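S.K.: Just input_21.cif, nothing more (mmCIF, C-alpha atoms):
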data_model
loop_
_atom_site.label_atom_id
_atom_site.label_comp_id
_atom_site.auth_asym_id
_atom_site.auth_seq_id
_atom_site.Cartn_x
_atom_site.Cartn_y
_atom_site.Cartn_z
CA MET A 7 -3.23 -43.07 32.23
CA LYS A 8 -3.42 -39.51 30.97
CA ALA A 9 -6.22 -38.78 28.51
CA LYS A 10 -5.53 -36.65 25.45
CA ILE A 11 -8.02 -33.90 24.92
CA GLN A 12 -8.98 -33.30 21.31
CA ILE A 13 -10.94 -30.09 20.81
CA PRO A 14 -12.13 -29.32 17.27
CA GLN A 15 -10.96 -25.97 15.87
CA GLU A 16 -14.56 -24.93 15.16
CA ILE A 17 -15.40 -25.12 18.85
CA LEU A 18 -12.30 -23.21 19.92
CA THR A 19 -13.18 -20.29 17.69
CA ALA A 20 -16.81 -20.23 18.82
CA ILE A 21 -16.33 -20.13 22.60
CA ASP A 22 -14.43 -17.96 25.02
CA TYR A 23 -11.89 -20.70 25.62
CA ALA A 24 -9.49 -18.78 27.83
CA ASN A 25 -12.21 -17.55 30.15
CA THR A 26 -13.77 -21.01 30.42
CA THR A 27 -10.60 -22.98 31.16
CA ASN A 28 -8.73 -20.43 33.24
CA GLY A 29 -11.60 -19.62 35.60
CA GLY A 30 -12.10 -16.05 34.42
CA MET A 31 -9.99 -13.01 33.66
CA SER A 32 -10.07 -9.39 34.74
CA GLU A 33 -11.45 -6.93 32.24
CA PRO A 34 -9.16 -4.26 30.79
CA ASN A 35 -9.71 -0.60 31.60
CA LEU A 36 -10.15 1.33 28.33
CA SER A 37 -10.63 5.09 27.95
CA ILE A 38 -10.81 7.36 24.90
CA THR A 39 -10.13 11.09 24.93
CA GLN A 40 -10.12 13.71 22.20
CA ASP A 41 -8.14 16.94 21.93
CA GLU A 42 -6.98 19.35 19.22
CA LYS A 43 -4.40 16.87 17.89
CA GLY A 44 -6.60 13.79 17.67
CA TYR A 45 -7.81 10.92 19.79
CA GLU A 46 -6.00 8.98 22.49
CA VAL A 47 -6.88 5.45 23.55
CA ARG A 48 -5.54 4.29 26.91
CA ILE A 49 -5.68 0.63 27.91
CA LYS A 50 -4.65 -0.84 31.22
CA ALA A 51 -4.83 -4.62 31.57
CA ALA A 52 -3.79 -6.53 34.68
CA GLY A 53 -0.81 -8.83 34.25
CA LEU A 54 0.22 -7.58 30.80
CA GLY A 55 3.60 -6.06 30.08
CA PRO A 56 4.73 -3.96 27.13
CA ASP A 57 5.60 -6.97 24.95
CA SER A 58 2.17 -8.56 25.38
CA PHE A 59 0.07 -5.96 23.55
CA GLN A 60 -0.70 -6.30 19.84
CA VAL A 61 -2.30 -3.45 17.84
CA ASP A 62 -3.71 -3.87 14.33
CA VAL A 63 -5.81 -1.75 11.99
CA LEU A 64 -8.27 -3.88 10.05
CA ASN A 65 -10.24 -1.91 7.48
CA ASN A 66 -11.75 0.89 9.58
CA ARG A 67 -11.31 -0.74 13.01
CA LEU A 68 -8.57 -0.60 15.63
CA TRP A 69 -8.04 -4.03 17.20
CA VAL A 70 -6.03 -4.27 20.43
CA TYR A 71 -5.35 -7.78 21.72
CA HIS A 72 -2.83 -10.11 23.31
CA LEU A 73 -2.03 -13.75 22.68
CA LEU A 74 -2.69 -16.48 25.23
CA PRO A 75 -1.25 -19.99 25.09
CA LEU A 76 -3.99 -22.59 24.77
CA PHE A 77 -2.45 -25.20 27.04
CA ALA A 78 -0.03 -24.95 29.97
CA ASP A 79 1.46 -28.35 29.08
CA ARG A 80 1.83 -28.27 25.32
CA PRO A 81 1.97 -31.57 23.46
CA ASP A 82 5.08 -32.20 21.35
CA GLY A 83 5.08 -30.17 18.15
CA MET A 84 2.34 -27.82 19.34
CA ASP A 85 4.41 -25.00 20.82
CA ASN A 86 2.61 -22.22 18.97
CA LEU A 87 -0.98 -22.91 19.93
CA GLN A 88 -2.31 -19.52 20.97
CA THR A 89 -5.58 -17.68 20.97
CA ALA A 90 -6.18 -13.93 20.75
CA ARG A 91 -7.91 -12.17 23.63
CA THR A 92 -9.45 -8.90 22.49
CA LEU A 93 -8.85 -5.91 24.75
CA GLY A 94 -10.51 -3.38 22.45
CA ASN A 95 -12.12 -3.35 19.02
CA LEU A 96 -12.87 0.24 18.11
CA PHE A 97 -14.41 1.87 15.06
CA LEU A 98 -12.02 4.45 13.55
CA PRO A 99 -13.67 7.78 12.66
CA ASN A 100 -13.15 9.13 9.15
CA ASP A 101 -10.97 11.96 10.42
CA VAL A 102 -8.20 9.64 11.72
CA ASN A 103 -4.94 9.39 9.77
CA VAL A 104 -4.39 5.61 9.93
CA ASP A 105 -0.83 5.91 8.55
CA LYS A 106 0.29 7.91 11.58
CA ILE A 107 -1.24 5.88 14.43
CA VAL A 108 1.37 5.36 17.16
CA ALA A 109 1.27 3.07 20.20
CA HIS A 110 3.57 3.30 23.21
CA TYR A 111 3.64 1.74 26.66
CA GLU A 112 4.12 3.95 29.73
CA GLN A 113 6.07 2.10 32.41
CA SER A 114 5.05 4.54 35.17
CA THR A 115 1.29 4.01 34.72
CA ARG A 116 1.52 0.52 33.15
CA GLU A 117 -0.80 1.64 30.34
CA LEU A 118 -0.78 1.26 26.60
CA ASN A 119 -1.36 4.62 24.91
CA ILE A 120 -2.46 4.73 21.29
CA THR A 121 -2.41 8.10 19.54
CA LEU A 122 -4.82 8.53 16.62
CA PRO A 123 -3.94 11.84 14.93
CA TYR A 124 -6.40 13.74 12.80
CA ASN A 125 -6.18 13.59 9.05
CA HIS A 126 -5.96 17.37 8.75
CA PRO A 127 -6.46 17.79 5.00
CA THR A 128 -9.91 16.17 5.19
CA ARG A 129 -10.99 17.39 8.63
CA ASN A 130 -13.93 19.78 8.28
CA PHE A 131 -13.29 19.84 4.54
CA ARG A 132 -16.03 21.26 2.38
CA ARG A 133 -16.10 22.02 -1.28
CA HIS A 134 -18.93 22.93 -3.59
CA ILE A 135 -18.87 21.23 -6.98
CA ASP A 136 -20.75 22.83 -9.82
CA VAL A 137 -22.84 20.61 -12.05
CA TYR A 138 -22.30 21.22 -15.75
CA ILE A 139 -24.96 20.42 -18.32
CA GLU A 140 -23.78 19.03 -21.62
#
Represent the structure from my file as structure tokens, please.
M.R.:
Amino acid sequence: MKAKIQIPQEILTAIDYANTTNGGMSEPNLSITQDEKGYEVRIKAAGLGPDSFQVDVLNNRLWVYHLLPLFADRPDGMDNLQTARTLGNLFLPNDVNVDKIVAHYEQSTRELNITLPYNHPTRNFRRHIDVYIE
């Protein structure tokens, strides 16, 4: 007789479920460089292809993640049970133009490259404002 495992949602969100059940995972290699055009984030994660990476901007943070299925043998009607595994959660500096962030995957190096261009109109911007007395 096969036992059904019922895990409350509250517990799944509070523990590192994928690492606990799968016996561990390799850590991604993440590097950040800066040049005259902006910042570049490079992420290399073992076993992930170009379609696996997800990149979101949430408020002033860059969140890079991929989705893992919760169970190898999914019960009927539960085909979409997945959990997000964070590869990087980075604070975005004020000088980044969030509308022009671009991500591409390089097949030759098997790395995800995210370009964060400067927001040139506000970079090193300074203006004196006179105070008027009424």
S.K.: Evaluating the PyMOL selection byres ((chain A and resi 73) around 8) on the displayed file yields which residues, as a PDB file with C-alpha atoms, in the frame of the given file?
M.R.:
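Output contents, as saved in expr.pdb:
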ATOM      1  CA  SER A  58       2.170  -8.560  25.380  1.00  0.00           C
ATOM      2  CA  TYR A  71      -5.350  -7.780  21.720  1.00  0.00           C
ATOM      3  CA  HIS A  72      -2.830 -10.110  23.310  1.00  0.00           C
ATOM      4  CA  LEU A  74      -2.690 -16.480  25.230  1.00  0.00           C
ATOM      5  CA  PRO A  75      -1.250 -19.990  25.090  1.00  0.00           C
ATOM      6  CA  GLN A  88      -2.310 -19.520  20.970  1.00  0.00           C
ATOM      7  CA  THR A  89      -5.580 -17.680  20.970  1.00  0.00           C
ATOM      8  CA  ALA A  90      -6.180 -13.930  20.750  1.00  0.00           C
ATOM      9  CA  ARG A  91      -7.910 -12.170  23.630  1.00  0.00           C
TER      10      ARG A  91
END
S.K.: Find the residue from A:Asn103, A:Val61, A:Gly94, A:Gln12 that sits nearest to His126 in chain A; use all atoms listed in the file when measuring.
M.R.: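 Comparing A:Asn103, A:Val61, A:Gly94, A:Gln12 against His126 in chain A, the winner is A:Asn103.
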S.K.: Out of A:Val63, A:Val70, A:Ser114, A:Leu76, which residue has the shortest atom-to-atom distance to Ile49 in chain A when counting only C-alpha atoms?
M.R.: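 Under the stated criterion, the closest residue is A:Val70.
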S.K.: Need the neighbours of (3.5, 2.3, 36.1): which residues are at most 12 Å away, counting all atoms listed in the file, as a list in words?
M.R.: Lys50, Ala51, Ala52, Leu54, Gly55, Pro56, Tyr111, Glu112, Gln113, Ser114, Thr115, Arg116, Glu117 and Leu118 of chain A
S.K.: Would you save the residues from that selection as a compact mmCIF listing (two decimals), in the frame of the given file, using C-alpha atoms?
M.R.:
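Wrote it out as selection28.txt, contents follow:
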# COMPACT_ATOMS: atom_id res chain seq x y z
CA LYS A 50 -4.65 -0.84 31.22
CA ALA A 51 -4.83 -4.62 31.57
CA ALA A 52 -3.79 -6.53 34.68
CA LEU A 54 0.22 -7.58 30.80
CA GLY A 55 3.60 -6.06 30.08
CA PRO A 56 4.73 -3.96 27.13
CA TYR A 111 3.64 1.74 26.66
CA GLU A 112 4.12 3.95 29.73
CA GLN A 113 6.07 2.10 32.41
CA SER A 114 5.05 4.54 35.17
CA THR A 115 1.29 4.01 34.72
CA ARG A 116 1.52 0.52 33.15
CA GLU A 117 -0.80 1.64 30.34
CA LEU A 118 -0.78 1.26 26.60
S.K.: Written as a ChimeraX atom specification, which residues does the PyMOL selection byres ((chain A and resi 36) around 6) give for the file shown?
M.R.: /A:35,37,48-49
S.K.: Given only C-alpha atoms as the basis, pick out the residue of A:Asn100, A:Asn125, A:Thr39, A:Thr92 nearest to Gln60 in chain A.
M.R.: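 Ranking A:Asn100, A:Asn125, A:Thr39, A:Thr92 by distance to Gln60 in chain A, first place goes to A:Thr92.
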S.K.: For the atom pair CA of Leu93 in chain A and CA of Asp57 in chain A, what is the interatomic distance in Å to one decimal place?
M.R.: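 These two atoms are separated by 14.5 Å.
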S.K.: In terms of the shortest atom-to-atom distance over only C-alpha atoms, which of A:Phe59, A:Lys43, A:Ile120, A:Gly53 is closest to Leu96 in chain A?
M.R.: A:Ile120
S.K.: Got a sec: who's within 9 Å of Val104 in chain A, counting all atoms listed in the file, leaving out chain neighbours fewer than 4 positions off, as a list in words?
M.R.: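 That gives Val63, Asn66, Leu98, Leu122, Pro123, Tyr124 and Asn125 of chain A.
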S.K.: Suppose you want the space between CA of Ile107 in chain A and CA of Met31 in chain A; what is it in Å?
M.R.: 28.3 Å
S.K.: What gap, in Å, lies between CA of Val47 in chain A and CA of Ser32 in chain A?
M.R.: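 Interatomic distance here is 18.9 Å.
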S.K.: With all heavy atoms as the goal, would you fill in the gaps in range 51-62 of chain A and present it as a JSON list (two decimals), keeping the file's coordinate frame?
M.R.:
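So the final result, stored in part_19.json, reads:
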[["chain", "number", "residue", "atom", "x", "y", "z"],
["A", 51, "ALA", "N", -4.38, -3.24, 31.40],
["A", 51, "ALA", "CA", -4.83, -4.62, 31.57],
["A", 51, "ALA", "C", -3.93, -5.29, 32.60],
["A", 51, "ALA", "O", -2.70, -5.27, 32.48],
["A", 51, "ALA", "CB", -4.79, -5.37, 30.25],
["A", 52, "ALA", "N", -4.55, -5.88, 33.60],
["A", 52, "ALA", "CA", -3.79, -6.53, 34.68],
["A", 52, "ALA", "C", -2.94, -7.67, 34.15],
["A", 52, "ALA", "O", -3.40, -8.48, 33.34],
["A", 52, "ALA", "CB", -4.76, -7.06, 35.74],
["A", 53, "GLY", "N", -1.69, -7.72, 34.58],
["A", 53, "GLY", "CA", -0.81, -8.83, 34.25],
["A", 53, "GLY", "C", -0.15, -8.76, 32.89],
["A", 53, "GLY", "O", 0.57, -9.67, 32.51],
["A", 54, "LEU", "N", -0.38, -7.69, 32.13],
["A", 54, "LEU", "CA", 0.22, -7.58, 30.80],
["A", 54, "LEU", "C", 1.35, -6.57, 30.80],
["A", 54, "LEU", "O", 1.19, -5.46, 31.31],
["A", 54, "LEU", "CB", -0.81, -7.18, 29.76],
["A", 54, "LEU", "CG", -1.92, -8.17, 29.48],
["A", 54, "LEU", "CD1", -2.83, -7.65, 28.37],
["A", 54, "LEU", "CD2", -1.37, -9.52, 29.11],
["A", 55, "GLY", "N", 2.47, -6.95, 30.21],
["A", 55, "GLY", "CA", 3.60, -6.06, 30.08],
["A", 55, "GLY", "C", 3.64, -5.46, 28.69],
["A", 55, "GLY", "O", 2.79, -5.74, 27.84],
["A", 56, "PRO", "N", 4.66, -4.65, 28.42],
["A", 56, "PRO", "CA", 4.73, -3.96, 27.13],
["A", 56, "PRO", "C", 4.83, -4.89, 25.92],
["A", 56, "PRO", "O", 4.34, -4.56, 24.84],
["A", 56, "PRO", "CB", 5.98, -3.09, 27.25],
["A", 56, "PRO", "CG", 6.66, -3.48, 28.48],
["A", 56, "PRO", "CD", 5.73, -4.29, 29.31],
["A", 57, "ASP", "N", 5.43, -6.04, 26.08],
["A", 57, "ASP", "CA", 5.60, -6.97, 24.95],
["A", 57, "ASP", "C", 4.35, -7.79, 24.67],
["A", 57, "ASP", "O", 4.28, -8.47, 23.64],
["A", 57, "ASP", "CB", 6.78, -7.91, 25.20],
["A", 57, "ASP", "CG", 8.10, -7.17, 25.24],
["A", 57, "ASP", "OD1", 8.18, -6.09, 24.63],
["A", 57, "ASP", "OD2", 9.03, -7.67, 25.89],
["A", 58, "SER", "N", 3.37, -7.73, 25.54],
["A", 58, "SER", "CA", 2.17, -8.56, 25.38],
["A", 58, "SER", "C", 1.16, -7.96, 24.43],
["A", 58, "SER", "O", 0.41, -8.67, 23.78],
["A", 58, "SER", "CB", 1.49, -8.77, 26.75],
["A", 58, "SER", "OG", 2.37, -9.42, 27.63],
["A", 59, "PHE", "N", 1.11, -6.63, 24.33],
["A", 59, "PHE", "CA", 0.07, -5.96, 23.55],
["A", 59, "PHE", "C", 0.34, -6.08, 22.05],
["A", 59, "PHE", "O", 1.48, -5.99, 21.60],
["A", 59, "PHE", "CB", 0.00, -4.47, 23.91],
["A", 59, "PHE", "CG", -0.52, -4.20, 25.28],
["A", 59, "PHE", "CD1", 0.34, -3.95, 26.33],
["A", 59, "PHE", "CD2", -1.88, -4.21, 25.53],
["A", 59, "PHE", "CE1", -0.14, -3.69, 27.60],
["A", 59, "PHE", "CE2", -2.37, -3.95, 26.80],
["A", 59, "PHE", "CZ", -1.50, -3.69, 27.84],
["A", 60, "GLN", "N", -0.73, -6.28, 21.30],
["A", 60, "GLN", "CA", -0.70, -6.30, 19.84],
["A", 60, "GLN", "C", -1.74, -5.28, 19.37],
["A", 60, "GLN", "O", -2.85, -5.23, 19.90],
["A", 60, "GLN", "CB", -1.08, -7.68, 19.30],
["A", 60, "GLN", "CG", -0.24, -8.82, 19.83],
["A", 60, "GLN", "CD", 1.14, -8.83, 19.21],
["A", 60, "GLN", "OE1", 1.32, -8.53, 18.05],
["A", 60, "GLN", "NE2", 2.12, -9.19, 20.02],
["A", 61, "VAL", "N", -1.39, -4.48, 18.37],
["A", 61, "VAL", "CA", -2.30, -3.45, 17.84],
["A", 61, "VAL", "C", -2.33, -3.59, 16.33],
["A", 61, "VAL", "O", -1.29, -3.55, 15.67],
["A", 61, "VAL", "CB", -1.84, -2.03, 18.24],
["A", 61, "VAL", "CG1", -2.82, -0.99, 17.72],
["A", 61, "VAL", "CG2", -1.68, -1.91, 19.75],
["A", 62, "ASP", "N", -3.54, -3.75, 15.78],
["A", 62, "ASP", "CA", -3.71, -3.87, 14.33],
["A", 62, "ASP", "C", -4.83, -2.95, 13.88],
["A", 62, "ASP", "O", -5.79, -2.70, 14.62],
["A", 62, "ASP", "CB", -4.10, -5.30, 13.93],
["A", 62, "ASP", "CG", -2.97, -6.29, 14.10],
["A", 62, "ASP", "OD1", -1.80, -5.86, 14.16],
["A", 62, "ASP", "OD2", -3.25, -7.49, 14.17]]
